[in-house]
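Chemist: Dropping a structure here in structure tokens format, bear with me for questions.
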Amino acid sequence: MVRVAREKCSELKNVVVKKENMLRMKHNNKFNVVLSINSLLMPSFKEIKRAVKNINNSLKEDGICFIIVPSMESLLYHGLLLLDSELKKTRENTAKRRVKEKLGLKKMDFLFGYFREGKYKQKFYYLHELRYLLKKAGFKNISISKVEYSWKSDSDIGDYERFPKEEKLWDWFVRATK
């Protein structure tokens with residue numbers, strides 16, 4: 001993505017495309033726009049807070065950031081769809097057990113919003129915590145909406161079971177200003 005962005009912006013004199021570790025960014029008041037797409041996934045809450053604060057610090061006054069992060073509510077919604085589907089086939093206790101297995105609930109930490117696969121740990125965000133983190137970092141004019149994913153294609157939503165007649169799964173899309 002960075003390579004493509006650099007190619008497309010190569011002739012624009014006022015555009016700088018950078019790929020950096022958000023934990024070590026030291027660009028005070030330098031950028032008009034910062035994008036963070038599925039990169040605030042680190043396993044440490046302290047690191048997430050620091051990264052979001054660094055994004056804010058790197059923006060000029062009234063600069064805009066656009067952020068996309070995985071939604072925990074979407075995962076819970078998928079669990080509801082699975083349960084409803086399983087209840088059509090079996091008793092409630094069995095249906096609940098099957099849903100827990102399908103979602104890999106032993107790998108989930110719902111209080112803090114993490115999914116663990118071996119050594120790998122990824123953050124999912126609740127809407128309320130996303131608002132909290134952005135406000136604490138100093139952002140204003142915070143707008144959060146859904147980036148919806150189609151039920152049609154295998155590549156769109158990974159291993160999730162499809163429910164094409166239901167509301168789509170989503171990630172959170174943030175637009176906020178300094």
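Residue numbering restarts at 1 for every chain of the structure tokens, chains are lettered A, B, ... in their displayed order, and ligands are numbered from 1 as they appear.
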Among chain A, which residues does DSSP mark as helix (DSSP H, G or I) when it is run on the backbone? Keep the chain and numbering as in the structure and answer as a PyMOL selection string.
Modeler: chain A and resi 2-9+45-58+72-87+92-103+105-107+127-136
Chemist: Just want the 10 Å neighbourhood of Tyr114 in chain A, counted on only C-alpha atoms, with same-chain residues fewer than 5 positions away dropped. Output as a ChimeraX atom specification.
Modeler: /A:41-44,72,107-109,121-125
Chemist: Restrict the selected residues to N, CA and C atoms and save them as a PDB file, in the first residue's frame.
Modeler:
```
ATOM      1  N   LEU A  41      -3.145  -2.360  16.351  1.00  0.00           N
ATOM      2  CA  LEU A  41      -3.537  -3.711  16.766  1.00  0.00           C
ATOM      3  C   LEU A  41      -2.649  -4.273  17.862  1.00  0.00           C
ATOM      4  N   MET A  42      -1.730  -3.470  18.353  1.00  0.00           N
ATOM      5  CA  MET A  42      -0.736  -3.967  19.312  1.00  0.00           C
ATOM      6  C   MET A  42      -1.376  -4.477  20.603  1.00  0.00           C
ATOM      7  N   PRO A  43      -0.704  -5.397  21.276  1.00  0.00           N
ATOM      8  CA  PRO A  43      -1.280  -6.054  22.447  1.00  0.00           C
ATOM      9  C   PRO A  43      -1.216  -5.250  23.744  1.00  0.00           C
ATOM     10  N   SER A  44      -0.572  -4.114  23.744  1.00  0.00           N
ATOM     11  CA  SER A  44      -0.424  -3.339  24.972  1.00  0.00           C
ATOM     12  C   SER A  44      -1.301  -2.087  24.932  1.00  0.00           C
ATOM     13  N   MET A  72     -15.035  -4.961  17.905  1.00  0.00           N
ATOM     14  CA  MET A  72     -15.418  -6.052  18.799  1.00  0.00           C
ATOM     15  C   MET A  72     -16.927  -6.287  18.730  1.00  0.00           C
ATOM     16  N   LYS A 107      -9.804 -18.205  22.818  1.00  0.00           N
ATOM     17  CA  LYS A 107      -8.748 -17.321  22.326  1.00  0.00           C
ATOM     18  C   LYS A 107      -9.101 -15.841  22.524  1.00  0.00           C
ATOM     19  N   MET A 108     -10.328 -15.567  23.008  1.00  0.00           N
ATOM     20  CA  MET A 108     -10.804 -14.192  23.113  1.00  0.00           C
ATOM     21  C   MET A 108     -10.750 -13.673  24.544  1.00  0.00           C
ATOM     22  N   ASP A 109     -10.388 -12.418  24.672  1.00  0.00           N
ATOM     23  CA  ASP A 109     -10.462 -11.704  25.943  1.00  0.00           C
ATOM     24  C   ASP A 109     -11.464 -10.568  25.709  1.00  0.00           C
ATOM     25  N   LYS A 121      -1.236 -11.760  19.161  1.00  0.00           N
ATOM     26  CA  LYS A 121      -2.332 -11.164  19.903  1.00  0.00           C
ATOM     27  C   LYS A 121      -2.774  -9.904  19.177  1.00  0.00           C
ATOM     28  N   GLN A 122      -4.077  -9.805  18.850  1.00  0.00           N
ATOM     29  CA  GLN A 122      -4.580  -8.666  18.091  1.00  0.00           C
ATOM     30  C   GLN A 122      -5.691  -7.969  18.847  1.00  0.00           C
ATOM     31  N   LYS A 123      -5.700  -6.660  18.757  1.00  0.00           N
ATOM     32  CA  LYS A 123      -6.702  -5.831  19.431  1.00  0.00           C
ATOM     33  C   LYS A 123      -7.926  -5.647  18.549  1.00  0.00           C
ATOM     34  N   PHE A 124      -9.114  -5.793  19.153  1.00  0.00           N
ATOM     35  CA  PHE A 124     -10.393  -5.403  18.569  1.00  0.00           C
ATOM     36  C   PHE A 124     -10.932  -4.277  19.447  1.00  0.00           C
ATOM     37  N   TYR A 125     -11.681  -3.347  18.877  1.00  0.00           N
ATOM     38  CA  TYR A 125     -12.118  -2.163  19.618  1.00  0.00           C
ATOM     39  C   TYR A 125     -13.619  -2.119  19.825  1.00  0.00           C
TER      40      TYR A 125
END
```
Chemist: One number please: CA of Ser58 in chain A to CA of Ser145 in chain A, in Å, one decimal.
Modeler: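 About the pair CA of Ser58 in chain A and CA of Ser145 in chain A: they are 23.3 Å apart.
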Chemist: What does the distance from CA of Thr94 in chain A to CA of Leu80 in chain A come to in Å, to one decimal?
Modeler: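 Those two atoms sit 14.5 Å apart.
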Chemist: Excluding Lys136 in chain A and residues on its chain fewer than 3 positions from it, collect all residues at most 9 Å away from it, counting only C-alpha atoms, and give them as a PDB file with C-alpha atoms, in the first residue's frame.
Modeler:
```pdb
ATOM      1  CA  LYS A  49      -2.492   5.109  24.012  1.00  0.00           C
ATOM      2  CA  LYS A  53      -1.246  10.386  21.131  1.00  0.00           C
ATOM      3  CA  ARG A 131     -14.111   7.313  21.687  1.00  0.00           C
ATOM      4  CA  TYR A 132     -12.355   7.349  25.061  1.00  0.00           C
ATOM      5  CA  LEU A 133      -8.867   6.821  23.563  1.00  0.00           C
ATOM      6  CA  PHE A 139      -8.767  14.679  19.297  1.00  0.00           C
TER       7      PHE A 139
END
```
Chemist: Output as a PyMOL selection string all residues of range 28-172 of chain A that backbone DSSP marks as strand (DSSP E or B).
Modeler: chain A and resi 31-37+59-71+108-109+114-117+120-123+125+140-149+169-172
Chemist: If you keep N, CA and C atoms, can you produce a file of those selected residues as a CSV table (one decimal), in the first residue's frame?
Modeler:
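selection-v6.csv was written with the following content:
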```csv
chain,number,residue,atom,x,y,z
A,31,PHE,N,2.0,17.2,9.9
A,31,PHE,CA,1.1,16.7,8.8
A,31,PHE,C,-0.3,17.3,8.9
A,32,ASN,N,-0.9,17.4,7.7
A,32,ASN,CA,-2.3,17.8,7.5
A,32,ASN,C,-3.2,16.6,7.7
A,33,VAL,N,-2.7,15.4,7.3
A,33,VAL,CA,-3.5,14.2,7.3
A,33,VAL,C,-2.7,13.0,7.7
A,34,VAL,N,-3.2,12.2,8.6
A,34,VAL,CA,-2.5,10.9,9.0
A,34,VAL,C,-3.5,9.8,8.8
A,35,LEU,N,-3.1,8.7,8.1
A,35,LEU,CA,-3.9,7.5,7.9
A,35,LEU,C,-3.4,6.4,8.8
A,36,SER,N,-4.2,5.6,9.4
A,36,SER,CA,-3.8,4.5,10.2
A,36,SER,C,-4.9,3.4,9.9
A,37,ILE,N,-4.5,2.4,9.0
A,37,ILE,CA,-5.5,1.4,8.6
A,37,ILE,C,-5.0,0.1,9.1
A,59,LEU,N,0.0,15.8,13.9
A,59,LEU,CA,-0.9,16.6,13.1
A,59,LEU,C,-0.7,18.1,13.3
A,60,LYS,N,-0.8,18.9,12.3
A,60,LYS,CA,-0.9,20.4,12.4
A,60,LYS,C,-2.3,20.7,13.1
A,61,GLU,N,-2.4,21.9,13.5
A,61,GLU,CA,-3.7,22.4,14.1
A,61,GLU,C,-4.8,22.2,13.1
A,62,ASP,N,-5.9,21.6,13.4
A,62,ASP,CA,-7.0,21.3,12.6
A,62,ASP,C,-6.7,20.2,11.6
A,63,GLY,N,-5.5,19.5,11.7
A,63,GLY,CA,-5.2,18.4,10.9
A,63,GLY,C,-6.2,17.2,11.1
A,64,ILE,N,-6.3,16.3,10.1
A,64,ILE,CA,-7.3,15.3,10.2
A,64,ILE,C,-6.6,13.9,10.2
A,65,CYS,N,-7.2,13.0,11.0
A,65,CYS,CA,-6.7,11.6,10.9
A,65,CYS,C,-7.9,10.7,10.5
A,66,PHE,N,-7.5,9.7,9.8
A,66,PHE,CA,-8.5,8.7,9.4
A,66,PHE,C,-7.9,7.3,9.9
A,67,ILE,N,-8.7,6.6,10.7
A,67,ILE,CA,-8.3,5.4,11.3
A,67,ILE,C,-9.3,4.3,11.0
A,68,ILE,N,-8.8,3.1,10.7
A,68,ILE,CA,-9.7,1.9,10.6
A,68,ILE,C,-9.1,0.9,11.6
A,69,VAL,N,-10.0,0.3,12.4
A,69,VAL,CA,-9.6,-0.7,13.4
A,69,VAL,C,-10.7,-1.8,13.4
A,70,PRO,N,-10.4,-3.0,13.8
A,70,PRO,CA,-11.4,-4.1,14.0
A,70,PRO,C,-12.4,-3.8,15.1
A,71,SER,N,-13.6,-4.1,14.8
A,71,SER,CA,-14.7,-3.9,15.8
A,71,SER,C,-15.0,-5.1,16.6
A,108,MET,N,-10.3,-15.6,23.0
A,108,MET,CA,-10.8,-14.2,23.1
A,108,MET,C,-10.8,-13.7,24.5
A,109,ASP,N,-10.4,-12.4,24.7
A,109,ASP,CA,-10.5,-11.7,25.9
A,109,ASP,C,-11.5,-10.6,25.7
A,114,TYR,N,-9.1,-8.5,23.0
A,114,TYR,CA,-8.0,-9.2,22.4
A,114,TYR,C,-8.4,-10.6,21.9
A,115,PHE,N,-7.8,-10.9,20.8
A,115,PHE,CA,-7.8,-12.3,20.2
A,115,PHE,C,-6.4,-12.8,20.2
A,116,ARG,N,-6.2,-14.0,20.7
A,116,ARG,CA,-4.9,-14.6,20.8
A,116,ARG,C,-4.8,-15.9,20.0
A,117,GLU,N,-3.8,-16.0,19.1
A,117,GLU,CA,-3.5,-17.2,18.3
A,117,GLU,C,-2.1,-17.5,18.5
A,120,TYR,N,0.7,-14.7,18.8
A,120,TYR,CA,0.1,-13.6,18.1
A,120,TYR,C,-1.2,-13.1,18.9
A,121,LYS,N,-1.2,-11.8,19.2
A,121,LYS,CA,-2.3,-11.2,19.9
A,121,LYS,C,-2.8,-9.9,19.2
A,122,GLN,N,-4.1,-9.8,18.8
A,122,GLN,CA,-4.6,-8.7,18.1
A,122,GLN,C,-5.7,-8.0,18.8
A,123,LYS,N,-5.7,-6.7,18.8
A,123,LYS,CA,-6.7,-5.8,19.4
A,123,LYS,C,-7.9,-5.6,18.5
A,125,TYR,N,-11.7,-3.3,18.9
A,125,TYR,CA,-12.1,-2.2,19.6
A,125,TYR,C,-13.6,-2.1,19.8
A,140,LYS,N,-10.6,16.0,18.6
A,140,LYS,CA,-11.9,16.6,18.6
A,140,LYS,C,-12.7,16.3,17.3
A,141,ASN,N,-13.9,16.7,17.2
A,141,ASN,CA,-14.7,16.5,16.0
A,141,ASN,C,-14.6,15.0,15.6
A,142,ILE,N,-14.8,14.1,16.6
A,142,ILE,CA,-14.6,12.7,16.4
A,142,ILE,C,-15.9,12.1,15.8
A,143,SER,N,-15.7,11.5,14.6
A,143,SER,CA,-16.8,10.8,13.9
A,143,SER,C,-16.4,9.3,13.7
A,144,ILE,N,-17.3,8.4,14.2
A,144,ILE,CA,-17.0,7.0,14.0
A,144,ILE,C,-18.1,6.4,13.3
A,145,SER,N,-17.8,5.6,12.3
A,145,SER,CA,-18.9,4.9,11.5
A,145,SER,C,-18.4,3.5,11.1
A,146,LYS,N,-19.2,2.8,10.4
A,146,LYS,CA,-18.8,1.4,10.0
A,146,LYS,C,-18.2,1.4,8.6
A,147,VAL,N,-17.2,0.5,8.5
A,147,VAL,CA,-16.8,0.0,7.2
A,147,VAL,C,-17.3,-1.4,7.1
A,148,GLU,N,-18.3,-1.5,6.2
A,148,GLU,CA,-19.0,-2.8,6.1
A,148,GLU,C,-18.3,-3.7,5.1
A,149,TYR,N,-18.4,-5.0,5.4
A,149,TYR,CA,-17.8,-6.0,4.5
A,149,TYR,C,-18.8,-6.9,3.9
A,169,LEU,N,-20.9,-7.5,8.5
A,169,LEU,CA,-19.9,-7.3,9.6
A,169,LEU,C,-19.2,-6.0,9.3
A,170,TRP,N,-18.5,-5.5,10.2
A,170,TRP,CA,-17.8,-4.2,10.0
A,170,TRP,C,-16.6,-4.0,10.9
A,171,ASP,N,-15.8,-3.0,10.4
A,171,ASP,CA,-14.7,-2.5,11.2
A,171,ASP,C,-15.1,-1.0,11.5
A,172,TRP,N,-14.4,-0.4,12.5
A,172,TRP,CA,-14.7,1.0,12.8
A,172,TRP,C,-13.9,1.9,11.9
```
Chemist: Which residue gives the smallest distance to His78 in chain A among A:Lys168, A:Lys46, A:Arg175, A:Lys26, with only C-alpha atoms counted?
Modeler: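 Looking at the shortest contact to His78 in chain A, the residue is A:Lys168.
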Chemist: Just how far from CA of Val52 in chain A is CA of Gly113 in chain A, in Å to one decimal?
Modeler: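 We find that CA of Gly113 in chain A and CA of Val52 in chain A lie 16.8 Å from each other.
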Chemist: Which one is closest to Glu101 in chain A: A:Leu83, A:Arg3, A:Gly118, A:Ser74? Count only C-alpha atoms.
Modeler: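 When distances to Glu101 in chain A are compared using only C-alpha atoms, the smallest one comes from A:Leu83.
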